[in-house]
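Peer 1: Please see the structure below; I have some questions.
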Amino acid sequence: MVPFQGYGRLTRSTSLALLASLVILVAEWLGWLEPNVMKAVRTGCQIYVLLRVMRARISPAYLLLWGPLAWLLPIGTALLFFLFGGRKHSSLADAKKEVNRVAWRPSEEPDFGGNRFKLLGDRHGRDTLEELRRQIKGAKRRISLSTYALANDAVGREVVSLLTARAKEGIEVRLLVDAIGSFGIPLRLCRPLRRAGGKVARFNPALPMQGKGSANWRNHRKIAVFDGTFAVIGGQNLGLLYMGDKPSPRRFRDCSFLIEGPTAAAIERVFIADWCQATDETPMSFATLLRERSPHVGDARVEVISSGPDCEEDPLWETYVKLFSNCKRSITVVTPYFVPDRTLFTLLVTAANAGRHVKIMVPRRSDHRLLDLARRWHLRTLREAGAEIFFFKPDVLHAKLVIVDDEQLVIGSANLDMRSLFLNYEIGAVVRDPAAVAEVGMLIAGWETESTRFTEDLYRRTRTWTGRSIEAIAKVISPLL
């Protein structure tokens, strides 16, 4: 197999940068370089970090995180930022364009209409697990599955076992897991799948000599596509923490969605782009698959949004900007982590001040305490502007949903925080179907009965000097969490 050179350049550049930085650090320590040369090197490193931070456009707090480090330790900080900072890479964007060039003729455009859409919103994730079982067992040609976290528990082992059985039957099986979210799992758990002929890949390993781009860029997408016709996306990873046959007091409250129709093929194209990045396979080897078109089977329009370092812009963020700016009546946001950037936050505050019904639902306590602290100022300010704030109490609320004017629904893997909006590989979809929007609205209304409102007592506790200091620190480091 010939490696895809569009991704190979990133690995080589990372290795060279690491080697050059180590040589400079050793030379400085041994005193081999002239003081003026070292001063020029340090200044160049400081300028590099500051320019990259400003181009990132994440938040002013991002500069507060990297600026002092660049001033005190310029060479080490430049290397650290090269390995873990930044947001985009032109080679990734070019490689993704190559996938699209293979998939689409010049005169063609993606077809997002004619889908069937089904909510998988059982309290314990049973219906998502049952749908995955049904689809894996029923696939006739291929299975493409991507997840951030694959757990070595009953659910993870069952999914791998089902995939292994289908691979033995000759079905084309590809499993892509994030190297950090599923750290160490694939090597042990997926060995039988590999032996059966299935393919398993780890996305962006954290070791600099292996990764492509920043080690801080994680693939947070949850994608399962079957024969290019059925797709499951949402916020649920593969593990007992997210789904199971039996109730569990530790299970996250979440949901996924089954999509049948042309959009499923579009989701599979996102998977193939990720697979090519992880494996260096060329998109031309998937030409037949990429050019498949699924027939219309329903009335729902589901427009796929792929966002991440392999996009020149920020499609998901731009979608939210457009939706919030054009809001006429209401905005409902359900997210486990609420740390939006300045633009989106200003649009939400403006909508609330203008009398729009803005509703934010977050877990009372998520699984990331620092992000809970970082969200306080945002929630307090929105409450003062007239927004409704709900804290979901029974479990960790892990769903990611946005409804605007009861007409447009955004689903997918992205949280409304700066990591999802600007750093992670995420997948989302804008759903325009009255029945689907109404069904998800009812799900959220049910969650409201299990929630409490932002109370004045809680409001006062977050206004203490200590509380605000902790908030400020949490806001500075939140883009890295």
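We label chains A, B, ... in the order they appear in the structure tokens, count residues from 1 in each chain, and number ligands from 1 in the order shown.
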Excluding same-chain residues fewer than 3 positions from Asp153 in chain A, what lies within 10 Å of it counting only C-alpha atoms, as a list in words?
Peer 2: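 Once the nearby chain positions are removed, what remains is Leu150, Gly156, Arg157, Glu158, Leu189, Leu238, Gly239, Leu240 and Leu241 of chain A.
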Peer 1: Just to be explicit: take each residue in the selection above, keep C-alpha atoms, and write the result as a JSON list (two decimals), in the first residue's frame.
Peer 2:
```json
[["chain", "number", "residue", "atom", "x", "y", "z"],
["A", 150, "LEU", "CA", -14.02, 2.29, 23.55],
["A", 156, "GLY", "CA", -17.10, -2.64, 24.51],
["A", 157, "ARG", "CA", -16.36, -6.36, 24.46],
["A", 158, "GLU", "CA", -19.76, -7.19, 22.99],
["A", 189, "LEU", "CA", -9.47, -5.75, 23.10],
["A", 238, "LEU", "CA", -19.03, 2.57, 23.43],
["A", 239, "GLY", "CA", -19.08, 1.58, 27.07],
["A", 240, "LEU", "CA", -21.30, 0.86, 30.07],
["A", 241, "LEU", "CA", -20.99, 4.49, 31.14]]
```
Peer 1: Find, counting only C-alpha atoms, the residue in A:Phe271, A:Tyr320, A:Phe422, A:Phe257 that gets nearest to Leu290 in chain A.
Peer 2: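 Of A:Phe271, A:Tyr320, A:Phe422, A:Phe257, the one nearest Leu290 in chain A, counting only C-alpha atoms, is A:Phe271.
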Peer 1: Looking at only C-alpha atoms, which of A:Ser420, A:Asn237, A:Thr229, A:Thr288 is the one that sits closest to Pro262 in chain A?
Peer 2: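 Answer, going by the shortest atom-to-atom distance: A:Thr229.
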Peer 1: Could you tell me how far CA of Thr319 in chain A sits from CA of Lys359 in chain A, in Å to one decimal place?
Peer 2: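 Between CA of Lys359 in chain A and CA of Thr319 in chain A the gap works out to 18.4 Å.
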Peer 1: Suppose you want the space between CA of Tyr48 in chain A and CA of Gly76 in chain A; what is it in Å?
Peer 2: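 Result for CA of Tyr48 in chain A versus CA of Gly76 in chain A: 12.0 Å, one decimal.
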Peer 1: Using only C-alpha atoms, which residue out of A:Val102, A:Lys246, A:Glu303, A:Ala278 lies closest to Gly261 in chain A?
Peer 2: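 Of all the options, A:Glu303 lies closest to Gly261 in chain A.
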Peer 1: Show me, as number ranges by chain, the residues that have an atom within 7 Å of range 408-417 of chain A when counting only C-alpha atoms, minus same-chain residues fewer than 5 positions from it.
Peer 2: A: 220-222, 233-235, 335-340, 400-403, 426-432, 437
Peer 1: Just the selected residues (C-alpha atoms), exported as an mmCIF file, in the first residue's frame, please.
Peer 2:
```cif
data_model
loop_
_atom_site.group_PDB
_atom_site.id
_atom_site.type_symbol
_atom_site.label_atom_id
_atom_site.label_comp_id
_atom_site.auth_asym_id
_atom_site.auth_seq_id
_atom_site.Cartn_x
_atom_site.Cartn_y
_atom_site.Cartn_z
ATOM 1 C CA HIS A 220 -14.352 13.258 19.424
ATOM 2 C CA ARG A 221 -16.701 11.983 16.711
ATOM 3 C CA LYS A 222 -19.072 9.077 17.312
ATOM 4 C CA ILE A 233 -24.362 9.619 15.409
ATOM 5 C CA GLY A 234 -24.662 11.388 18.751
ATOM 6 C CA GLY A 235 -22.813 11.772 22.012
ATOM 7 C CA THR A 335 -24.705 20.489 26.767
ATOM 8 C CA PRO A 336 -22.536 18.863 29.469
ATOM 9 C CA TYR A 337 -19.910 21.640 29.240
ATOM 10 C CA PHE A 338 -20.923 25.251 28.639
ATOM 11 C CA VAL A 339 -17.894 27.444 27.925
ATOM 12 C CA PRO A 340 -18.723 29.207 24.629
ATOM 13 C CA LYS A 400 -25.435 17.718 22.962
ATOM 14 C CA LEU A 401 -28.561 19.334 21.479
ATOM 15 C CA VAL A 402 -29.515 22.774 20.164
ATOM 16 C CA ILE A 403 -33.013 23.787 18.989
ATOM 17 C CA GLU A 426 -16.390 16.790 15.656
ATOM 18 C CA ILE A 427 -19.424 15.802 13.638
ATOM 19 C CA GLY A 428 -22.774 17.537 13.747
ATOM 20 C CA ALA A 429 -25.940 17.691 11.714
ATOM 21 C CA VAL A 430 -28.666 20.289 11.244
ATOM 22 C CA VAL A 431 -32.050 18.564 11.137
ATOM 23 C CA ARG A 432 -34.984 20.257 9.451
ATOM 24 C CA VAL A 437 -37.653 18.590 16.278
#
```
